[in-house]
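This is entry-v7.txt. It holds compact mmCIF, C-alpha atoms and all ligand atoms.
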# COMPACT_ATOMS: atom_id res chain seq x y z
CA MET A 1 0.51 14.49 11.01
CA LEU A 2 -1.43 11.41 11.87
CA GLY A 3 -3.98 9.72 9.65
CA GLY A 4 -4.97 6.23 10.78
CA GLY A 5 -1.50 5.44 12.12
CA SER A 6 -1.39 2.24 10.07
CA ASN A 7 1.97 2.92 8.47
CA LEU A 8 3.94 4.11 11.48
CA VAL A 9 6.58 2.68 13.78
CA ILE A 10 6.70 4.95 16.81
CA ALA A 11 9.79 4.90 19.04
CA ASP A 12 9.40 3.55 22.58
CA GLY A 13 10.29 7.04 23.84
CA GLY A 14 7.37 8.54 21.92
CA TRP A 15 7.33 11.79 19.99
CA PRO A 16 8.32 14.96 21.82
CA GLY A 17 5.92 17.36 20.14
CA LEU A 18 2.46 18.10 18.86
CA VAL A 19 0.57 15.37 17.01
CA VAL A 20 -2.24 16.53 14.72
CA ARG A 21 -4.78 13.88 13.83
CA ILE A 22 -6.53 14.71 10.59
CA ALA A 23 -10.25 14.09 10.95
CA ILE A 24 -11.69 16.05 8.01
CA GLY A 25 -14.72 14.11 6.84
CA GLY A 26 -17.11 14.13 3.94
CA ILE A 27 -17.37 12.42 0.60
CA SER A 28 -18.84 14.87 -1.91
CA SER A 29 -21.74 13.85 -4.11
CA PRO A 30 -20.21 12.50 -7.26
CA ALA A 31 -19.75 15.11 -9.99
CA THR A 32 -19.67 14.03 -13.60
CA ASN A 33 -17.02 15.67 -15.70
CA ASP A 34 -17.12 14.21 -19.15
CA ALA A 35 -19.59 14.32 -21.99
CA ALA A 36 -20.42 10.62 -21.77
CA GLY A 37 -21.12 11.03 -18.05
CA ASN A 38 -18.86 8.10 -17.12
CA ALA A 39 -16.08 9.93 -15.31
CA VAL A 40 -17.07 10.69 -11.76
CA LEU A 41 -15.12 13.02 -9.49
CA PHE A 42 -15.18 12.28 -5.78
CA SER A 43 -13.83 14.86 -3.37
CA VAL A 44 -13.02 13.04 -0.17
CA GLY A 45 -12.00 14.47 3.21
CA ALA A 46 -8.53 13.41 4.36
CA GLY A 47 -9.92 11.93 7.57
CA VAL A 48 -12.37 9.57 5.88
CA ASP A 49 -11.54 5.90 6.42
CA TRP A 50 -10.04 4.69 3.13
CA ASP A 51 -11.91 1.41 2.97
CA ASP A 52 -15.24 3.16 3.69
CA PHE A 53 -14.63 5.31 0.62
CA VAL A 54 -13.75 2.27 -1.49
CA ALA A 55 -16.94 0.55 -0.30
CA GLN A 56 -19.01 3.62 -1.30
CA ALA A 57 -17.35 3.89 -4.70
CA VAL A 58 -18.00 0.21 -5.41
CA ALA A 59 -21.60 0.50 -4.19
CA GLN A 60 -22.07 3.34 -6.69
CA ASN A 61 -20.63 1.13 -9.45
CA CYS A 62 -17.55 3.35 -9.88
CA ALA A 63 -14.35 1.59 -10.94
CA GLY A 64 -10.73 2.54 -10.19
CA VAL A 65 -10.12 1.70 -6.53
CA GLU A 66 -11.75 -1.73 -6.12
CA CYS A 67 -8.37 -3.55 -5.90
CA LEU A 68 -7.37 -1.23 -3.05
CA SER A 69 -10.10 -2.67 -0.83
CA GLY A 70 -9.20 -3.55 2.74
CA ILE A 71 -6.18 -1.26 3.09
CA PRO A 72 -6.27 0.35 6.52
CA GLY A 73 -5.77 4.06 7.16
CA SER A 74 -7.21 7.35 6.03
CA VAL A 75 -7.87 8.89 2.62
CA GLY A 76 -5.26 11.58 3.39
CA GLY A 77 -2.64 8.88 3.91
CA THR A 78 -3.10 7.40 0.44
CA PRO A 79 -1.24 9.99 -1.69
CA VAL A 80 1.69 10.03 0.75
CA GLN A 81 3.15 6.70 -0.33
CA ASN A 82 0.99 6.31 -3.44
CA VAL A 83 -0.83 3.40 -1.87
CA GLY A 84 -1.05 0.40 -4.12
CA ALA A 85 -2.08 -3.24 -4.20
CA TYR A 86 -3.30 -5.93 -6.59
CA GLY A 87 -2.50 -3.99 -9.73
CA GLN A 88 -3.85 -0.55 -8.77
CA GLU A 89 -2.20 2.51 -7.23
CA VAL A 90 -4.04 5.64 -6.08
CA SER A 91 -2.00 7.64 -8.60
CA GLY A 92 -4.14 5.93 -11.25
CA THR A 93 -7.26 7.77 -10.06
CA ILE A 94 -6.08 10.84 -8.12
CA GLU A 95 -6.93 13.97 -10.07
CA SER A 96 -5.66 16.47 -7.49
CA VAL A 97 -4.82 16.91 -3.82
CA ARG A 98 -6.00 19.88 -1.75
CA ALA A 99 -3.48 20.72 0.93
CA LEU A 100 -2.33 23.33 3.40
CA ASP A 101 1.12 24.45 2.28
CA LEU A 102 3.00 25.15 5.51
CA LYS A 103 5.86 26.82 3.61
CA GLU A 104 3.67 29.36 1.79
CA ASP A 105 0.99 29.40 4.51
CA ARG A 106 -1.92 28.95 2.09
CA ILE A 107 -4.23 26.31 0.76
CA VAL A 108 -3.21 24.90 -2.61
CA VAL A 109 -4.63 22.39 -5.06
CA LEU A 110 -1.88 20.16 -6.45
CA PRO A 111 -2.79 18.53 -9.76
CA LYS A 112 -1.65 14.93 -10.12
CA PRO A 113 1.58 15.70 -12.07
CA ALA A 114 2.71 18.00 -9.23
CA CYS A 115 2.44 15.14 -6.75
CA GLY A 116 5.40 13.23 -8.24
CA PHE A 117 3.87 9.79 -7.83
CA ARG A 118 6.13 6.76 -8.13
CA TYR A 119 6.20 3.29 -6.58
CA ARG A 120 5.41 3.87 -2.87
CA ALA A 121 6.53 7.48 -3.23
CA SER A 122 5.34 11.01 -3.90
CA ILE A 123 6.60 14.49 -3.10
CA PHE A 124 4.79 14.09 0.25
CA ASN A 125 7.23 11.44 1.54
CA THR A 126 10.33 12.55 -0.40
CA THR A 127 11.28 16.01 -1.69
CA GLU A 128 8.50 17.95 0.11
CA ARG A 129 8.19 15.80 3.20
CA GLY A 130 6.51 17.72 6.04
CA ARG A 131 5.51 20.66 3.83
CA TYR A 132 1.86 19.84 3.14
CA ILE A 133 -1.08 18.86 5.29
CA ILE A 134 -3.42 16.97 2.98
CA LEU A 135 -6.99 18.19 3.46
CA ARG A 136 -8.96 16.51 0.67
CA VAL A 137 -8.18 14.16 -2.20
CA ASN A 138 -10.03 14.23 -5.51
CA TYR A 139 -10.37 10.89 -7.26
CA ARG A 140 -11.60 10.43 -10.80
CA LEU A 141 -13.42 7.09 -11.12
CA LYS A 142 -15.31 5.49 -13.96
CA ARG A 143 -18.97 4.72 -13.53
CA GLY A 144 -19.80 1.34 -15.01
CA GLY A 145 -16.10 0.68 -15.65
CA ALA A 146 -14.79 -2.88 -15.66
CA ALA A 147 -13.04 -4.17 -12.56
CA SER A 148 -9.27 -4.40 -12.82
CA LEU A 149 -7.99 -7.97 -12.91
CA LYS A 150 -4.30 -7.45 -13.60
CA TYR A 151 -2.93 -9.25 -10.60
CA ALA A 152 -2.16 -12.97 -10.85
CA ASP A 153 -3.74 -13.84 -7.47
CA LEU A 154 -6.98 -12.20 -8.53
CA GLN A 155 -7.00 -13.89 -11.93
CA LYS A 156 -6.43 -17.20 -10.18
CA HIS A 157 -9.24 -16.52 -7.72
CA PHE A 158 -11.73 -15.95 -10.52
CA ALA A 159 -10.34 -18.71 -12.73
CA GLU A 160 -11.14 -21.10 -9.89
CA ARG A 161 -14.62 -19.65 -9.42
CA PHE A 162 -15.54 -19.51 -13.08
CA PRO A 163 -13.54 -22.42 -14.55
CA GLU A 164 -15.58 -22.60 -17.74
CA PRO A 165 -17.13 -19.76 -19.71
CA VAL A 166 -20.90 -19.74 -19.13
CA ALA A 167 -22.67 -20.38 -22.46
CA GLY A 168 -19.46 -19.58 -24.31
CA LYS A 169 -19.16 -16.18 -22.65
CA LYS A 170 -17.11 -15.56 -19.57
CA THR A 171 -18.96 -13.14 -17.28
CA PRO A 172 -16.49 -10.62 -15.91
CA PRO A 173 -16.64 -10.26 -12.14
CA SER A 174 -18.41 -7.19 -10.84
CA LEU A 175 -16.67 -4.47 -8.83
CA ALA A 176 -18.33 -5.82 -5.70
CA GLU A 177 -17.07 -9.34 -6.42
CA VAL A 178 -13.54 -8.07 -6.98
CA ARG A 179 -13.71 -6.07 -3.76
CA GLU A 180 -14.77 -9.18 -1.84
CA ALA A 181 -12.08 -11.28 -3.55
CA VAL A 182 -9.38 -8.75 -2.68
CA ARG A 183 -10.53 -8.67 0.94
CA ALA A 184 -10.56 -12.48 1.09
CA ILE A 185 -7.06 -12.74 -0.41
CA ARG A 186 -5.79 -10.01 1.94
CA ARG A 187 -7.33 -11.83 4.88
CA SER A 188 -5.56 -15.07 3.92
CA LYS A 189 -2.29 -13.14 3.90
CA GLY A 190 -2.81 -11.33 7.20
CA MET A 191 -3.15 -8.06 5.29
CA LEU A 192 -6.69 -7.28 6.45
CA LEU A 193 -7.24 -6.01 9.99
CA VAL A 194 -9.26 -8.79 11.62
CA ALA A 195 -9.84 -8.71 15.37
CA GLY A 196 -8.09 -11.62 17.04
CA ASP A 197 -5.79 -12.44 14.11
CA ALA A 198 -2.27 -12.09 15.52
CA ASP A 199 -0.84 -12.27 11.99
CA CYS A 200 -2.33 -8.89 11.08
CA ARG A 201 -0.74 -6.96 13.95
CA SER A 202 1.71 -5.32 11.60
CA ALA A 203 2.30 -2.16 9.59
CA GLY A 204 1.51 -4.07 6.39
CA SER A 205 4.49 -4.88 4.19
CA PHE A 206 7.57 -3.76 6.08
CA PHE A 207 9.89 -3.67 3.05
CA LYS A 208 9.46 -2.24 -0.41
CA ASN A 209 10.14 -4.38 -3.45
CA PRO A 210 13.59 -3.28 -4.62
CA VAL A 211 13.65 -1.62 -8.04
CA LEU A 212 16.86 -2.57 -9.85
CA ASP A 213 18.45 -1.33 -13.04
CA GLU A 214 19.22 -3.85 -15.76
CA ALA A 215 22.80 -4.56 -14.65
CA GLN A 216 21.82 -5.03 -11.00
CA PHE A 217 18.95 -7.30 -12.01
CA LYS A 218 21.16 -9.42 -14.27
CA ASP A 219 23.67 -9.80 -11.45
CA LEU A 220 20.96 -10.85 -8.98
CA ALA A 221 19.32 -13.24 -11.45
CA ALA A 222 22.72 -14.85 -12.12
CA ARG A 223 23.36 -15.30 -8.40
CA ALA A 224 19.94 -16.92 -8.02
CA ALA A 225 20.48 -19.13 -11.08
CA ALA A 226 23.80 -20.35 -9.62
CA GLN A 227 21.69 -21.78 -6.78
CA GLY A 228 19.09 -23.18 -9.16
CA LEU A 229 16.61 -20.45 -8.23
CA GLU A 230 14.56 -17.97 -10.20
CA ILE A 231 13.66 -14.69 -8.58
CA PRO A 232 10.16 -13.34 -9.25
CA SER A 233 10.33 -9.92 -10.92
CA TYR A 234 8.09 -7.48 -12.75
CA PRO A 235 8.84 -4.73 -15.25
CA ALA A 236 9.15 -1.24 -13.72
CA LEU A 237 9.71 2.18 -15.24
CA ASP A 238 12.69 3.01 -17.51
CA ALA A 239 14.22 -0.40 -18.15
CA GLN A 240 14.07 -1.24 -14.47
CA ARG A 241 12.81 -4.37 -12.75
CA LYS A 242 11.00 -4.67 -9.47
CA VAL A 243 11.96 -7.82 -7.59
CA SER A 244 10.03 -9.54 -4.86
CA ALA A 245 11.17 -8.45 -1.40
CA ALA A 246 9.22 -11.37 0.07
CA TRP A 247 11.23 -13.83 -2.03
CA LEU A 248 14.50 -12.22 -0.91
CA VAL A 249 13.47 -12.44 2.75
CA GLU A 250 12.40 -16.07 2.45
CA HIS A 251 15.60 -17.00 0.59
CA SER A 252 17.82 -15.41 3.22
CA GLY A 253 16.95 -17.75 6.06
CA PHE A 254 13.73 -16.10 7.28
CA CYS A 255 10.58 -18.16 7.02
CA LYS A 256 7.00 -17.16 7.66
CA GLY A 257 6.37 -17.56 11.38
CA TYR A 258 10.00 -16.72 12.27
CA ALA A 259 10.16 -15.43 15.85
CA ARG A 260 12.62 -13.12 17.52
CA GLY A 261 11.34 -12.68 21.06
CA ALA A 262 8.13 -10.68 21.06
CA ALA A 263 8.56 -9.66 17.42
CA GLY A 264 8.25 -11.98 14.47
CA ILE A 265 7.28 -12.56 10.89
CA SER A 266 3.62 -13.27 10.17
CA HIS A 267 2.72 -16.91 9.48
CA LYS A 268 0.87 -15.67 6.40
CA HIS A 269 3.18 -13.11 4.81
CA ALA A 270 6.98 -12.89 4.75
CA LEU A 271 6.95 -9.08 4.65
CA ALA A 272 4.69 -8.49 7.64
CA LEU A 273 6.64 -7.96 10.84
CA ILE A 274 4.23 -8.59 13.69
CA ASN A 275 3.93 -7.84 17.34
CA ARG A 276 3.62 -11.33 18.88
CA GLY A 277 2.46 -9.98 22.21
CA ASP A 278 4.19 -7.20 24.02
CA ALA A 279 6.88 -6.25 21.52
CA LYS A 280 8.41 -2.81 21.89
CA ALA A 281 9.33 -0.68 18.92
CA SER A 282 12.96 -1.61 19.60
CA ASP A 283 12.08 -5.32 19.15
CA ILE A 284 10.50 -4.59 15.77
CA VAL A 285 13.47 -2.47 14.71
CA GLY A 286 15.85 -5.24 15.90
CA LEU A 287 14.04 -7.74 13.69
CA LYS A 288 14.03 -5.28 10.78
CA ASP A 289 17.83 -4.85 11.18
CA GLU A 290 18.36 -8.61 11.32
CA ILE A 291 16.37 -9.17 8.13
CA GLN A 292 18.06 -6.30 6.29
CA HIS A 293 21.45 -7.65 7.30
CA GLY A 294 20.56 -11.22 6.29
CA VAL A 295 19.26 -10.18 2.87
CA GLN A 296 22.27 -7.97 2.26
CA GLU A 297 24.64 -10.80 3.18
CA ALA A 298 22.85 -13.31 0.97
CA TRP A 299 22.00 -11.13 -2.05
CA GLY A 300 23.87 -7.83 -1.74
CA ILE A 301 20.62 -5.84 -1.62
CA LEU A 302 19.64 -3.46 1.15
CA LEU A 303 15.87 -3.66 1.60
CA ALA A 304 14.25 -0.26 2.17
CA PRO A 305 11.59 -0.17 4.88
CA GLU A 306 8.11 0.99 3.88
CA PRO A 307 6.67 2.36 7.16
CA VAL A 308 7.39 5.84 8.51
CA PHE A 309 9.63 5.87 11.60
CA VAL A 310 8.61 8.45 14.21
CA GLY A 311 10.80 9.59 17.07
CA PHE A 312 13.89 7.52 16.21
C1 LIG B 1 -2.44 -4.68 7.63
C2 LIG B 1 -1.91 -3.59 6.74
C3 LIG B 1 -1.93 -3.73 5.37
C4 LIG B 1 -1.46 -2.72 4.53
N1 LIG B 1 -1.51 -2.90 3.18
C5 LIG B 1 -1.05 -1.93 2.35
C6 LIG B 1 -1.09 -2.10 0.93
O1 LIG B 1 -1.57 -3.11 0.43
N2 LIG B 1 -0.60 -1.11 0.16
C7 LIG B 1 -0.08 0.04 0.69
O2 LIG B 1 0.34 0.91 -0.09
N3 LIG B 1 -0.05 0.24 2.02
C8 LIG B 1 -0.51 -0.71 2.86
N4 LIG B 1 -0.45 -0.53 4.22
C9 LIG B 1 0.12 0.69 4.77
C10 LIG B 1 -0.93 1.76 5.14
O3 LIG B 1 -2.19 1.20 5.31
C11 LIG B 1 -1.03 2.86 4.09
O4 LIG B 1 0.22 3.45 3.90
C12 LIG B 1 -2.03 3.96 4.50
O5 LIG B 1 -2.30 4.78 3.40
C13 LIG B 1 -1.54 4.84 5.64
O6 LIG B 1 -2.58 5.73 5.96
P1 LIG B 1 -2.75 6.28 7.42
O7 LIG B 1 -3.89 7.24 7.38
O8 LIG B 1 -2.86 5.17 8.42
O9 LIG B 1 -1.38 7.06 7.59
P2 LIG B 1 -0.44 7.16 8.88
O10 LIG B 1 0.14 5.82 9.18
O11 LIG B 1 -1.16 7.85 9.98
O12 LIG B 1 0.69 8.12 8.31
C14 LIG B 1 1.58 7.69 7.30
C15 LIG B 1 2.36 8.91 6.78
O13 LIG B 1 1.47 9.78 6.11
C16 LIG B 1 1.46 11.06 6.72
N5 LIG B 1 0.07 11.55 6.68
C17 LIG B 1 -1.06 10.88 7.00
N6 LIG B 1 -2.13 11.66 6.80
C18 LIG B 1 -1.67 12.84 6.34
C19 LIG B 1 -2.29 14.06 5.92
N7 LIG B 1 -3.62 14.24 5.95
N8 LIG B 1 -1.48 15.08 5.50
C20 LIG B 1 -0.15 14.94 5.45
N9 LIG B 1 0.50 13.81 5.82
C21 LIG B 1 -0.26 12.78 6.24
C22 LIG B 1 1.95 10.84 8.14
O14 LIG B 1 2.53 12.02 8.68
C23 LIG B 1 2.98 9.74 7.91
O15 LIG B 1 4.18 10.29 7.44
C24 LIG B 1 -0.93 -1.53 5.09
C25 LIG B 1 -0.91 -1.38 6.50
C26 LIG B 1 -1.40 -2.40 7.30
C27 LIG B 1 -1.38 -2.20 8.80
Just give me the structure as structure tokens.
Amino acid sequence: MLGGGSNLVIADGGWPGLVVRIAIGGISSPATNDAAGNAVLFSVGAGVDWDDFVAQAVAQNCAGVECLSGIPGSVGGTPVQNVGAYGQEVSGTIESVRALDLKEDRIVVLPKPACGFRYRASIFNTTERGRYIILRVNYRLKRGGAASLKYADLQKHFAERFPEPVAGKKTPPSLAEVREAVRAIRRSKGMLLVAGDADCRSAGSFFKNPVLDEAQFKDLAARAAAQGLEIPSYPALDAQRKVSAAWLVEHSGFCKGYARGAAGISHKHALALINRGDAKASDIVGLKDEIQHGVQEAWGILLAPEPVFVGF
């Protein structure tokens, strides 16, 4: 099943079988489903370009996906790894997913709890991988809702733009301003597809941020402290902590701009493995292996790749 192909590493030998590209279009007219009229349900075809949908939602003043601006790929791809960025994940707004169940041979509507969303995971890329073809995704957004500003980079962006409250009152940025800010920040990190920018020829972040239990985190923090370092981390579910994969990569001897033949690390983002020219899939996988090995040697953590490997 192919959406936009933005999260795939395809083997040099290709894929010996049928590839189905999902091209189901259509964004339904917003339906209001609460008494106050603020909640708006969008039913979006799996083949719709994700960022086109975000742009439409923002243009209609509907909050909930503005921080996910600029992510490449299709709407149908978003539930698969519970796409997330800048403080939002699609699981925050998905109400249900309409899919063809290949096991039962019928169309089903999976309500959000049935999708098993977690960090970069859902039933679609774990327990039920390959079972469902996602046809439409229903998102519940909030008309007139405030833009989300949870992420430090975003807060910093607006703190710089609005250093002082205007007439004692700080005007919150609009959804459109947050969308533009996210796209600008993504661009500066090579995370927006921009023609001619070699640093964005990647599959996005190649490694997930490791989620550690308390004992593992304490051990890692102690190892970092012994070197006079502090590892960036964030709270995760159930007394767990998510640590920065980018930090681990950069503190294991791999800098931004690192080159390994035709493959390399983006100059703008330590987690983006880029094609520097005519890299083959094997070059990218060789670099991935080298980084995983280096991080494991230095910190005892095996980084899990984020993209989907096809034909390996
Ligand atoms: C520059 C760049 C930046 C990125 N930034 C982010 C980011 O900030 N956050 C993030 O989470 N991801 C990010 N990604 C990864 C990627 O954009 C997302 O995972 C995206 O949702 C993938 O969608 P796609 O349509 O391209 O899926 P594809 O790459 O085509 O497929 C990915 C997986 O989903 C399955 N799939 C796709 N469509 C369907 C369907 N309709 N039914 C069933 N299965 C399906 C495929 O079989 C495959 O297993 C980035 C990628 C790039 C290149």
As a quick test: using only C-alpha atoms and all ligand atoms, which residues lie no more than 7 Å away from ligand LIG 1 (chain B)? Give them as a PDB file with C-alpha atoms, keeping the file's coordinate frame.
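As a result, result10.pdb now contains:
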ATOM      1  CA  MET A   1       0.510  14.490  11.010  1.00  0.00           C
ATOM      2  CA  LEU A   2      -1.430  11.410  11.870  1.00  0.00           C
ATOM      3  CA  GLY A   3      -3.980   9.720   9.650  1.00  0.00           C
ATOM      4  CA  GLY A   4      -4.970   6.230  10.780  1.00  0.00           C
ATOM      5  CA  GLY A   5      -1.500   5.440  12.120  1.00  0.00           C
ATOM      6  CA  SER A   6      -1.390   2.240  10.070  1.00  0.00           C
ATOM      7  CA  ASN A   7       1.970   2.920   8.470  1.00  0.00           C
ATOM      8  CA  LEU A   8       3.940   4.110  11.480  1.00  0.00           C
ATOM      9  CA  ILE A  22      -6.530  14.710  10.590  1.00  0.00           C
ATOM     10  CA  ALA A  46      -8.530  13.410   4.360  1.00  0.00           C
ATOM     11  CA  GLY A  47      -9.920  11.930   7.570  1.00  0.00           C
ATOM     12  CA  ILE A  71      -6.180  -1.260   3.090  1.00  0.00           C
ATOM     13  CA  PRO A  72      -6.270   0.350   6.520  1.00  0.00           C
ATOM     14  CA  GLY A  73      -5.770   4.060   7.160  1.00  0.00           C
ATOM     15  CA  SER A  74      -7.210   7.350   6.030  1.00  0.00           C
ATOM     16  CA  VAL A  75      -7.870   8.890   2.620  1.00  0.00           C
ATOM     17  CA  GLY A  76      -5.260  11.580   3.390  1.00  0.00           C
ATOM     18  CA  GLY A  77      -2.640   8.880   3.910  1.00  0.00           C
ATOM     19  CA  THR A  78      -3.100   7.400   0.440  1.00  0.00           C
ATOM     20  CA  VAL A  80       1.690  10.030   0.750  1.00  0.00           C
ATOM     21  CA  GLN A  81       3.150   6.700  -0.330  1.00  0.00           C
ATOM     22  CA  ASN A  82       0.990   6.310  -3.440  1.00  0.00           C
ATOM     23  CA  VAL A  83      -0.830   3.400  -1.870  1.00  0.00           C
ATOM     24  CA  GLY A  84      -1.050   0.400  -4.120  1.00  0.00           C
ATOM     25  CA  ALA A  85      -2.080  -3.240  -4.200  1.00  0.00           C
ATOM     26  CA  ARG A 120       5.410   3.870  -2.870  1.00  0.00           C
ATOM     27  CA  ASN A 125       7.230  11.440   1.540  1.00  0.00           C
ATOM     28  CA  TYR A 132       1.860  19.840   3.140  1.00  0.00           C
ATOM     29  CA  ILE A 133      -1.080  18.860   5.290  1.00  0.00           C
ATOM     30  CA  ILE A 134      -3.420  16.970   2.980  1.00  0.00           C
ATOM     31  CA  LEU A 135      -6.990  18.190   3.460  1.00  0.00           C
ATOM     32  CA  GLY A 190      -2.810 -11.330   7.200  1.00  0.00           C
ATOM     33  CA  MET A 191      -3.150  -8.060   5.290  1.00  0.00           C
ATOM     34  CA  LEU A 192      -6.690  -7.280   6.450  1.00  0.00           C
ATOM     35  CA  LEU A 193      -7.240  -6.010   9.990  1.00  0.00           C
ATOM     36  CA  CYS A 200      -2.330  -8.890  11.080  1.00  0.00           C
ATOM     37  CA  ARG A 201      -0.740  -6.960  13.950  1.00  0.00           C
ATOM     38  CA  SER A 202       1.710  -5.320  11.600  1.00  0.00           C
ATOM     39  CA  ALA A 203       2.300  -2.160   9.590  1.00  0.00           C
ATOM     40  CA  GLY A 204       1.510  -4.070   6.390  1.00  0.00           C
ATOM     41  CA  SER A 205       4.490  -4.880   4.190  1.00  0.00           C
ATOM     42  CA  VAL A 308       7.390   5.840   8.510  1.00  0.00           C
TER      43      VAL A 308
END
Just the number, please: distance in Å from atom CA of A:Ala57 to atom CA of A:Val40, one decimal.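 We find that atom CA of A:Ala57 and atom CA of A:Val40 lie 9.8 Å from each other.
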Excluding A:Leu220 and its own-chain neighbours fewer than 5 positions away, which residues fall within 9 Å of it when counting all atoms listed in the file? Please give them as an mmCIF file with C-alpha atoms, in the frame of the given file.
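out.cif, freshly written:
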data_model
loop_
_atom_site.group_PDB
_atom_site.id
_atom_site.type_symbol
_atom_site.label_atom_id
_atom_site.label_comp_id
_atom_site.auth_asym_id
_atom_site.auth_seq_id
_atom_site.Cartn_x
_atom_site.Cartn_y
_atom_site.Cartn_z
ATOM 1 C CA ALA A 215 22.800 -4.560 -14.650
ATOM 2 C CA ALA A 225 20.480 -19.130 -11.080
ATOM 3 C CA ILE A 231 13.660 -14.690 -8.580
ATOM 4 C CA TRP A 299 22.000 -11.130 -2.050
ATOM 5 C CA GLY A 300 23.870 -7.830 -1.740
ATOM 6 C CA ILE A 301 20.620 -5.840 -1.620
#
For A:Arg21, the nearest of the candidates A:Ala184, A:Ala281, A:Ile291, A:Val48, counting only C-alpha atoms: A:Val48
What's around A:Ser69 at 8 Å? Count only C-alpha atoms, leave out sequence neighbours fewer than 4 positions away in its own chain, and write the answer as a count of residues only. 7
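The interatomic distance for the pair atom CA of A:Arg129 and atom CA of A:Phe206 works out to 19.8 Å.
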Could you work out an axis-aligned box for stretch 240-252 of chain A, taking every atom the file lists and adding 6 Å on each side, and report centre and edge lengths in Å to one decimal, as lines of an AutoDock Vina configuration file?
center_x = 13.5
center_y = -9.1
center_z = -5.6
size_x = 20.6
size_y = 27.8
size_z = 29.7
For A:Lys208, list every protein, DNA or RNA residue within 9 Å, evaluated using only C-alpha atoms, and leave out those in the same chain fewer than 2 positions away; present the list as a VMD selection string. chain A and resid 119 to 120 205 to 206 210 to 211 244 to 245 271 303 to 306
